[in-house]
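Heads up, start30.cif below (mmCIF, C-alpha atoms):
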data_final
loop_
_atom_site.label_atom_id
_atom_site.label_comp_id
_atom_site.auth_asym_id
_atom_site.auth_seq_id
_atom_site.Cartn_x
_atom_site.Cartn_y
_atom_site.Cartn_z
CA MET A 27 29.23 -89.01 108.20
CA ARG A 28 28.97 -92.00 110.52
CA ARG A 29 31.88 -92.55 112.85
CA ILE A 30 33.34 -95.82 114.08
CA GLY A 31 33.75 -96.06 117.82
CA ILE A 32 35.93 -98.34 119.87
CA LEU A 33 34.60 -98.53 123.39
CA PHE A 34 35.01 -100.55 126.49
CA PHE A 35 32.14 -101.19 128.81
CA VAL A 36 31.37 -103.31 131.82
CA ALA A 37 28.00 -105.01 131.89
CA VAL A 38 26.41 -107.14 134.53
CA ILE A 39 27.50 -110.38 132.87
CA ALA A 40 30.60 -109.47 130.85
CA SER A 41 33.17 -106.97 129.73
CA ALA A 42 33.21 -106.45 126.00
CA PHE A 43 35.23 -104.69 123.34
CA MET A 44 33.09 -103.40 120.51
CA ALA A 45 33.69 -101.83 117.11
CA HIS A 46 30.51 -100.39 115.72
CA SER A 47 28.93 -97.93 113.35
CA GLY A 48 25.65 -96.50 114.50
CA ASN A 49 23.62 -99.52 115.61
CA GLU A 50 25.78 -101.94 113.61
CA VAL A 51 28.30 -103.90 115.68
CA TYR A 52 31.33 -105.32 113.86
CA PHE A 53 33.10 -106.96 116.77
CA SER A 54 32.35 -107.67 120.40
CA ILE A 55 33.54 -110.12 123.02
CA PRO A 56 30.71 -112.49 123.97
CA ALA A 57 29.84 -112.85 127.62
CA PHE A 58 32.20 -115.11 129.58
CA TRP A 59 34.67 -115.43 126.71
CA PRO A 60 38.42 -114.86 127.17
CA LYS A 61 40.25 -111.79 125.92
CA PRO A 62 41.14 -112.00 122.21
CA GLU A 63 44.71 -112.66 121.14
CA TYR A 64 44.47 -110.19 118.27
CA ASN A 65 45.97 -106.78 119.02
CA PHE A 66 43.36 -104.32 117.79
CA SER A 67 45.52 -101.31 118.73
CA LYS A 68 47.85 -102.14 115.83
CA ASN A 69 45.01 -102.44 113.32
CA PRO A 70 41.99 -100.53 114.69
CA LEU A 71 38.70 -101.62 113.19
CA SER A 72 36.68 -99.26 111.05
CA GLN A 73 33.61 -99.76 108.93
CA GLU A 74 35.50 -98.76 105.78
CA LYS A 75 38.39 -101.17 106.39
CA VAL A 76 36.10 -104.06 107.31
CA GLN A 77 34.04 -103.56 104.16
CA LEU A 78 37.20 -103.26 102.06
CA GLY A 79 38.42 -106.54 103.53
CA ARG A 80 35.06 -108.13 102.81
CA ALA A 81 35.30 -107.13 99.15
CA LEU A 82 38.86 -108.44 98.90
CA PHE A 83 37.84 -111.73 100.53
CA TYR A 84 35.23 -112.38 97.83
CA ASP A 85 37.19 -111.01 94.86
CA PRO A 86 38.87 -113.51 92.48
CA LEU A 87 41.11 -110.64 91.34
CA LEU A 88 43.48 -111.80 94.08
CA SER A 89 44.36 -114.96 92.09
CA ALA A 90 46.68 -115.23 89.11
CA ASP A 91 43.93 -116.06 86.60
CA ASN A 92 41.17 -114.07 88.34
CA THR A 93 39.10 -117.20 89.05
CA ILE A 94 39.75 -118.04 92.72
CA SER A 95 38.84 -115.92 95.74
CA CYS A 96 39.24 -116.62 99.44
CA ALA A 97 35.53 -117.44 99.44
CA SER A 98 36.06 -120.14 96.81
CA CYS A 99 37.32 -122.40 99.62
CA HIS A 100 35.65 -120.63 102.55
CA SER A 101 31.89 -120.35 102.00
CA GLN A 102 29.67 -118.74 104.58
CA TYR A 103 27.03 -121.49 104.64
CA ASN A 104 29.78 -123.96 105.63
CA ALA A 105 31.04 -121.68 108.44
CA PHE A 106 33.64 -120.45 105.94
CA ALA A 107 34.89 -123.97 105.26
CA HIS A 108 33.83 -125.89 102.13
CA SER A 109 31.91 -129.07 101.43
CA ASP A 110 32.55 -129.72 97.74
CA HIS A 111 35.90 -131.48 98.05
CA LYS A 112 37.99 -133.33 100.59
CA LEU A 113 40.96 -131.16 99.64
CA SER A 114 40.96 -127.52 98.53
CA HIS A 115 40.96 -126.80 94.82
CA GLY A 116 42.86 -123.86 93.36
CA ILE A 117 43.47 -122.25 89.99
CA ALA A 118 43.07 -124.47 86.94
CA ASP A 119 41.20 -126.85 89.28
CA GLN A 120 44.43 -128.02 90.83
CA ILE A 121 44.02 -130.11 93.97
CA GLY A 122 45.70 -129.01 97.17
CA THR A 123 46.99 -131.11 100.05
CA ARG A 124 44.65 -130.11 102.89
CA ASN A 125 41.01 -129.51 103.69
CA ALA A 126 40.02 -125.85 104.07
CA PRO A 127 39.37 -125.15 107.77
CA ALA A 128 36.41 -123.14 109.00
CA LEU A 129 37.06 -119.44 109.60
CA GLN A 130 35.44 -118.28 112.83
CA ASN A 131 36.49 -116.58 116.06
CA LEU A 132 39.93 -115.93 114.57
CA ALA A 133 40.55 -113.02 116.93
CA TRP A 134 41.16 -115.63 119.65
CA GLY A 135 43.83 -117.46 117.64
CA SER A 136 47.59 -117.03 117.96
CA SER A 137 48.58 -119.29 115.05
CA PHE A 138 46.81 -120.30 111.88
CA MET A 139 46.67 -123.03 109.25
CA TRP A 140 46.58 -126.74 110.08
CA ASP A 141 50.31 -126.72 110.87
CA GLY A 142 50.53 -123.27 112.46
CA SER A 143 52.67 -121.89 109.65
CA ALA A 144 51.06 -118.44 110.00
CA HIS A 145 51.84 -116.74 113.31
CA HIS A 146 49.71 -113.63 112.81
CA LEU A 147 46.32 -113.12 111.21
CA ASP A 148 47.59 -110.05 109.33
CA ALA A 149 50.02 -112.30 107.42
CA GLN A 150 47.86 -115.41 107.10
CA ALA A 151 46.38 -114.53 103.70
CA LEU A 152 49.85 -114.56 102.15
CA ALA A 153 49.93 -118.36 102.36
CA PRO A 154 47.01 -119.14 100.01
CA LEU A 155 47.65 -116.04 97.90
CA THR A 156 51.19 -117.11 96.99
CA ASN A 157 50.63 -120.88 96.99
CA PRO A 158 51.16 -122.10 93.38
CA ILE A 159 48.24 -124.53 93.64
CA GLU A 160 45.77 -122.22 95.38
CA MET A 161 45.92 -118.64 94.05
CA ASN A 162 49.42 -118.55 92.54
CA GLU A 163 49.87 -114.79 92.88
CA THR A 164 52.41 -112.37 94.30
CA LEU A 165 51.43 -109.64 96.70
CA ALA A 166 53.13 -107.07 94.49
CA HIS A 167 51.04 -108.08 91.47
CA VAL A 168 47.84 -108.10 93.51
CA VAL A 169 48.63 -104.54 94.63
CA GLU A 170 49.22 -103.56 91.02
CA LYS A 171 45.90 -105.03 89.89
CA LEU A 172 43.99 -103.39 92.73
CA GLN A 173 45.59 -100.01 92.01
CA LYS A 174 44.57 -100.23 88.36
CA SER A 175 41.00 -101.34 89.12
CA GLY A 176 38.09 -98.98 88.83
CA LYS A 177 36.81 -99.31 92.40
CA TYR A 178 39.58 -100.18 94.79
CA PRO A 179 41.50 -96.85 94.86
CA LYS A 180 38.29 -95.18 96.08
CA ALA A 181 37.75 -97.93 98.65
CA PHE A 182 41.32 -97.59 99.93
CA TYR A 183 40.85 -93.82 100.10
CA ALA A 184 37.73 -94.28 102.22
CA ALA A 185 39.56 -96.72 104.48
CA TYR A 186 43.00 -95.13 104.76
CA GLY A 187 42.66 -91.48 103.76
CA ASP A 188 44.45 -91.83 100.42
CA SER A 189 44.06 -94.03 97.37
CA ILE A 190 47.45 -95.73 97.55
CA VAL A 191 47.16 -99.53 97.59
CA THR A 192 49.90 -101.31 99.50
CA GLY A 193 50.51 -104.92 100.47
CA GLN A 194 50.26 -104.16 104.16
CA ARG A 195 46.97 -102.33 103.77
CA THR A 196 45.57 -105.16 101.65
CA LEU A 197 46.48 -107.84 104.19
CA GLN A 198 45.30 -105.80 107.16
CA ALA A 199 41.95 -105.09 105.49
CA LEU A 200 41.50 -108.81 104.92
CA SER A 201 42.27 -109.53 108.58
CA GLN A 202 39.85 -106.79 109.65
CA PHE A 203 37.05 -108.63 107.88
CA MET A 204 38.17 -112.01 109.22
CA VAL A 205 38.28 -110.90 112.87
CA THR A 206 34.62 -109.87 112.59
CA LEU A 207 33.66 -113.49 111.85
CA VAL A 208 32.45 -114.23 115.37
CA SER A 209 30.15 -117.18 115.99
CA SER A 210 28.57 -117.05 119.46
CA ASN A 211 24.82 -117.34 119.08
CA SER A 212 24.10 -121.05 118.73
CA LYS A 213 21.53 -122.93 120.80
CA TYR A 214 24.40 -123.94 123.10
CA ASP A 215 25.19 -120.26 123.71
CA LYS A 216 21.58 -119.40 124.42
CA VAL A 217 21.32 -122.27 126.92
CA MET A 218 24.56 -121.18 128.61
CA ARG A 219 23.21 -117.62 128.83
CA LYS A 220 19.99 -119.03 130.31
CA GLU A 221 17.87 -117.31 127.71
CA LYS A 222 14.14 -117.82 128.11
CA GLY A 223 12.74 -120.61 125.97
CA PHE A 224 16.04 -122.39 125.38
CA ALA A 225 17.03 -125.66 127.04
CA PHE A 226 18.82 -128.82 125.99
CA SER A 227 16.70 -131.81 125.15
CA GLU A 228 17.28 -135.05 127.03
CA SER A 229 19.57 -136.39 124.28
CA GLU A 230 21.45 -133.08 124.02
CA SER A 231 21.98 -133.00 127.78
CA LYS A 232 23.36 -136.53 127.75
CA GLY A 233 25.53 -135.60 124.77
CA TYR A 234 26.90 -132.59 126.62
CA LEU A 235 27.96 -134.80 129.53
CA LEU A 236 29.59 -137.24 127.10
CA PHE A 237 31.33 -134.34 125.39
CA LYS A 238 32.79 -133.06 128.65
CA GLU A 239 33.97 -136.55 129.53
CA ASN A 240 35.51 -137.49 126.17
CA CYS A 241 36.20 -134.39 124.08
CA ALA A 242 36.67 -131.30 126.25
CA SER A 243 40.41 -131.72 126.92
CA CYS A 244 41.11 -130.64 123.33
CA HIS A 245 37.86 -128.88 122.44
CA LYS A 246 37.68 -126.50 125.38
CA GLU A 247 34.64 -124.32 125.93
CA PRO A 248 33.61 -121.69 124.97
CA LEU A 249 35.74 -121.64 121.80
CA PHE A 250 35.63 -125.45 121.54
CA THR A 251 39.35 -125.62 120.82
CA ASN A 252 42.38 -125.40 123.06
CA GLY A 253 44.29 -123.67 120.26
CA LYS A 254 47.03 -126.29 120.43
CA PHE A 255 48.42 -128.89 118.06
CA GLU A 256 47.55 -132.53 118.70
CA ASN A 257 47.89 -135.95 117.15
CA ASN A 258 44.34 -137.29 116.93
CA GLY A 259 45.25 -140.81 115.91
CA LEU A 260 44.76 -140.65 112.16
CA GLN A 261 46.57 -143.18 109.99
CA PRO A 262 48.81 -141.07 107.70
CA ASP A 263 47.55 -140.90 104.13
CA SER A 264 49.89 -142.92 101.92
CA LEU A 265 49.67 -140.41 99.06
CA LEU A 266 49.72 -137.09 100.92
CA LYS A 267 52.30 -138.22 103.50
CA ASP A 268 51.42 -135.18 105.62
CA ILE A 269 53.59 -134.97 108.74
CA GLY A 270 51.70 -132.00 110.17
CA ARG A 271 53.44 -129.40 112.31
CA MET A 272 56.76 -131.22 111.96
CA LYS A 273 56.92 -129.74 108.45
CA ILE A 274 57.22 -126.30 110.06
CA THR A 275 59.32 -127.00 113.14
CA GLY A 276 61.43 -129.92 111.95
CA SER A 277 60.96 -131.50 115.37
CA ARG A 278 59.97 -135.16 115.66
CA LYS A 279 57.83 -134.35 118.68
CA ASP A 280 55.56 -132.45 116.29
CA SER A 281 55.11 -135.39 113.92
CA LEU A 282 51.45 -135.86 112.94
CA LEU A 283 50.35 -132.90 115.08
CA PHE A 284 47.67 -130.66 113.57
CA LYS A 285 45.81 -127.61 114.85
CA VAL A 286 42.81 -128.55 116.98
CA PRO A 287 39.81 -127.13 115.09
CA SER A 288 36.88 -125.51 116.83
CA LEU A 289 33.74 -127.63 116.96
CA ARG A 290 31.51 -124.61 116.59
CA ASN A 291 29.32 -125.09 113.51
CA VAL A 292 30.79 -128.57 113.11
CA GLU A 293 27.46 -129.81 111.75
CA VAL A 294 27.99 -127.78 108.55
CA SER A 295 31.80 -127.67 108.21
CA TYR A 296 32.24 -131.15 106.74
CA PRO A 297 34.29 -132.95 105.46
CA TYR A 298 36.37 -133.44 108.59
CA MET A 299 40.05 -133.67 109.54
CA HIS A 300 43.02 -131.94 107.91
CA ASP A 301 42.65 -134.10 104.79
CA GLY A 302 38.86 -134.21 104.67
CA ARG A 303 38.78 -137.99 104.96
CA PHE A 304 35.54 -138.21 106.98
CA ALA A 305 32.31 -137.16 105.30
CA ASN A 306 30.12 -137.06 108.40
CA LEU A 307 30.17 -136.99 112.19
CA GLN A 308 29.28 -140.66 112.45
CA MET A 309 32.55 -141.51 110.69
CA VAL A 310 34.46 -139.21 113.03
CA LEU A 311 33.07 -140.94 116.11
CA PHE A 312 33.78 -144.37 114.60
CA HIS A 313 37.41 -143.28 114.24
CA TYR A 314 37.66 -142.39 117.93
CA THR A 315 35.97 -145.62 119.06
CA ASN A 316 37.51 -148.04 116.56
CA GLY A 317 40.20 -146.46 114.40
CA ILE A 318 42.92 -144.83 116.50
CA HIS A 319 46.36 -145.24 114.93
CA GLN A 320 49.04 -145.69 117.56
CA SER A 321 52.17 -143.54 117.19
CA LYS A 322 54.81 -141.94 119.39
CA THR A 323 53.17 -138.52 119.52
CA LEU A 324 49.66 -139.79 120.28
CA PRO A 325 48.41 -138.06 123.48
CA LYS A 326 47.68 -140.07 126.58
CA GLN A 327 43.92 -139.53 126.41
CA LEU A 328 43.77 -141.30 123.01
CA ARG A 329 45.95 -144.31 123.88
CA LYS A 330 42.72 -146.23 124.36
CA ASN A 331 39.70 -146.05 122.09
CA MET A 332 36.70 -144.16 123.39
CA VAL A 333 33.90 -146.39 124.64
CA LEU A 334 30.63 -145.11 123.23
CA SER A 335 27.42 -147.03 122.58
CA GLU A 336 25.35 -146.28 119.50
CA ASP A 337 22.97 -144.29 121.71
CA ASP A 338 25.94 -142.39 123.16
CA LYS A 339 27.04 -141.45 119.66
CA ARG A 340 23.55 -140.31 118.75
CA CYS A 341 23.37 -138.11 121.85
CA LEU A 342 26.86 -136.71 121.32
CA ILE A 343 25.99 -135.72 117.77
CA SER A 344 22.76 -134.16 119.03
CA PHE A 345 24.80 -131.98 121.35
CA LEU A 346 27.31 -131.06 118.63
CA LYS A 347 24.44 -129.84 116.50
CA THR A 348 23.56 -127.32 119.22
CA LEU A 349 26.81 -125.56 118.27
CA THR A 350 25.35 -124.56 114.90
CA ASP A 351 24.94 -120.78 114.72
CA GLU A 352 22.32 -120.04 112.07
CA GLU A 353 22.76 -116.29 112.49
CA PHE A 354 26.48 -116.62 111.71
CA LEU A 355 25.79 -118.72 108.62
CA ARG A 356 23.39 -116.14 107.19
CA LYS A 357 24.62 -112.81 108.48
CA LYS A 358 24.50 -110.23 105.71
CA ASN A 359 27.67 -108.47 106.88
CA TYR A 360 29.61 -111.64 106.08
CA SER A 361 28.06 -112.34 102.68
CA TYR A 362 29.13 -111.57 99.12
CA PRO A 363 29.27 -107.76 98.69
CA LYS A 364 27.19 -107.64 95.54
CA GLU A 365 26.80 -103.88 95.69
CA PHE A 366 30.58 -103.43 95.45
CA LEU A 367 31.72 -106.27 93.19
CA SER A 368 28.87 -106.48 90.69
CA GLY A 369 29.29 -104.68 87.41
CA ARG A 370 33.07 -104.37 87.68
#
Could you write out this structure as structure tokens?
Amino acid sequence: MRRIGILFFVAVIASAFMAHSGNEVYFSIPAFWPKPEYNFSKNPLSQEKVQLGRALFYDPLLSADNTISCASCHSQYNAFAHSDHKLSHGIADQIGTRNAPALQNLAWGSSFMWDGSAHHLDAQALAPLTNPIEMNETLAHVVEKLQKSGKYPKAFYAAYGDSIVTGQRTLQALSQFMVTLVSSNSKYDKVMRKEKGFAFSESESKGYLLFKENCASCHKEPLFTNGKFENNGLQPDSLLKDIGRMKITGSRKDSLLFKVPSLRNVEVSYPYMHDGRFANLQMVLFHYTNGIHQSKTLPKQLRKNMVLSEDDKRCLISFLKTLTDEEFLRKKNYSYPKEFLSGR
């Protein structure tokens, strides 16, 4: 029987934490990256738990009418975002109020959702699971359905040593799968690691300089987010009337503040913004050069529109495309677990 090891090692270029089975690595800290926020000691990774979480992530059994899974709004080829709708759709094709964010490098996050309503990854899945528009379930009923299923008691036994399904185990298995969603092998990463045969083109190099000048205060390398909540100058939608983080804190200083998303895989994680209003990167850049909405919580760096020529925009987009991680978008360990879910 293969065993899962958790080991620390010091290499020439980085220290890394790894969870692996044989030659298969489930989690590691990329070179030069900060220490994760997630506390692995309270939910140690194992192959069995990760694979259980993967099955749960793709299983529509978690919704009230057995039609919606986590993957319904978070598809791998979109960096676990979605491109079909501006706003997420739930059971009975109901329309939600926000765009599904990409799911990547979650181990480095300390709060989740656009408004930070989830303070721990182990509890994050409760929000969509119990939302009446999204999955409209209760954790207790999900546990009941899993316990009665033909496959899950055996999977929980393999993961936890007995076949008892609990809410805590279900949520922690989901978070085990989600923390393995690490994107760190884009062209940008290979250039930063000085890998042979990889270099920015002239337009990408210019775009990188423009990025550092105009975008890096919020989209900090290497995660390409500062993990904070910011007002990015969007005119509030007259129908959604979304006040952002203020909905959670009740504080006016949080009005129109939303979680800064990572720009990793931004090429494929359209539509953009918390309400999916922008279909492409050209529209996003037009917003920052021509469409900033002035409000009391707007940060100082956005008080004036960015000044970018059309060539600047082209180069900036060229650089942003270097953040696309093709390996992440196609990795088999992240894909639909056909061998487990088919035939049920």
Report summary line: Counting only C-alpha atoms, the residue among A:Ile121, A:Cys96, A:Ala149, A:Ala305 that lies closest to Arg195 of chain A is A:Ala149
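If you look at atom CA of Tyr214 of chain A and atom CA of Cys244 of chain A, they are 18.0 Å away from each other.
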Query raised in the report: Can you tell me, as a ChimeraX atom specification, what residues are no more than 8 Å from Tyr296 of chain A when counting all atoms listed in the file, ignoring any on the same chain fewer than 6 positions away?
Result: /A:104,107-109,302,304-306
Just to be explicit: take each residue in the selection above, keep C-alpha atoms, and write the result as a CSV table (one decimal), keeping the file's coordinate frame.
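The resulting again.csv:
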chain,number,residue,atom,x,y,z
A,104,ASN,CA,29.8,-124.0,105.6
A,107,ALA,CA,34.9,-124.0,105.3
A,108,HIS,CA,33.8,-125.9,102.1
A,109,SER,CA,31.9,-129.1,101.4
A,302,GLY,CA,38.9,-134.2,104.7
A,304,PHE,CA,35.5,-138.2,107.0
A,305,ALA,CA,32.3,-137.2,105.3
A,306,ASN,CA,30.1,-137.1,108.4
All file atoms of segment 151-165 of chain A boxed axis-aligned, 4 Å per side, centre plus edges, as lines of an AutoDock Vina configuration file:
center_x = 49.1
center_y = -117.1
center_z = 98.1
size_x = 14.6
size_y = 22.9
size_z = 19.2
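Minimum atom-to-atom distances from A:Ile159, A:Asp85, A:Ser229, A:Leu236 to Leu172 of chain A were compared using all atoms listed in the file, and the lowest value belongs to A:Asp85.
Every residue that the PyMOL selection byres ((chain A and resi 205) around 7) selects in this file is listed here: Asn131, Leu132, Ala133, Ser201, Gln202, Phe203, Met204, Thr206 and Leu207 of chain A.
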Query raised in the report: Exactly which residues make up the result of the PyMOL selection byres ((chain A and resi 76) around 9) on this file, given as a PyMOL selection string?
Result: chain A and resi 52+71-75+77-81+185+199-204+206
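Once Asn92 of chain A and its same-chain neighbours fewer than 5 positions away are set aside, Asp85, Pro86, Leu87, Ile117, Met161 and Glu163 of chain A remain within 10 Å of it when counting only C-alpha atoms.
Using the PyMOL selection byres ((chain A and resi 272) around 12) on the file at hand returns these residues: A:Trp140, A:Asp141, A:Gly142, A:Ser143, A:Phe255, A:Glu256, A:Asn257, A:Lys267, A:Asp268, A:Ile269, A:Gly270, A:Arg271, A:Lys273, A:Ile274, A:Thr275, A:Gly276, A:Ser277, A:Arg278, A:Lys279, A:Asp280, A:Ser281, A:Leu282, A:Leu283, A:Phe284, A:Lys285, A:Thr323.
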Counting all atoms listed in the file, which residues of segment 219-338 of chain A fall within 6 Å of segment 343-364 of chain A, and what is the closest atom pair for each with its distance in Å at one decimal, ordered by chain and rising number, as a Markdown table?
| residue | atom | partner | partner_atom | distance |
| --- | --- | --- | --- | --- |
| A:Glu230 | CA | A:Phe345 | CA | 4.4 |
| A:Gly233 | CA | A:Phe345 | CA | 5.0 |
| A:Tyr234 | CA | A:Phe345 | CA | 5.7 |
| A:Arg290 | CA | A:Leu349 | CA | 5.1 |
| A:Asn291 | CA | A:Thr350 | CA | 4.2 |
| A:Glu293 | CA | A:Lys347 | CA | 5.6 |
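Pairwise distance (atom CA of Pro70 of chain A, atom CA of Gly135 of chain A) equals 17.3 Å.
Between atom CA of Asp301 of chain A and atom CA of Val168 of chain A there is a distance of 28.8 Å.
Among the candidates A:His313, A:Arg329, A:Lys112, A:Lys171, the one nearest to His300 of chain A when counting all atoms listed in the file is A:Lys112.
Minimum distance to Asp215 of chain A across A:Val286, A:Asn331, A:Leu249, A:Ala97 (counting only C-alpha atoms) occurs at A:Leu249.
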Query raised in the report: Counting all atoms listed in the file, what is within 9 Å of Thr192 of chain A, bar same-chain residues fewer than 6 positions away, as a VMD selection string?
Result: chain A and resid 165 to 166 169 to 170 173
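Shortest separation to Cys241 of chain A among A:Gln102, A:Leu113, A:Leu266, A:Leu342 occurs at residue A:Leu342, atoms counted being all atoms listed in the file.
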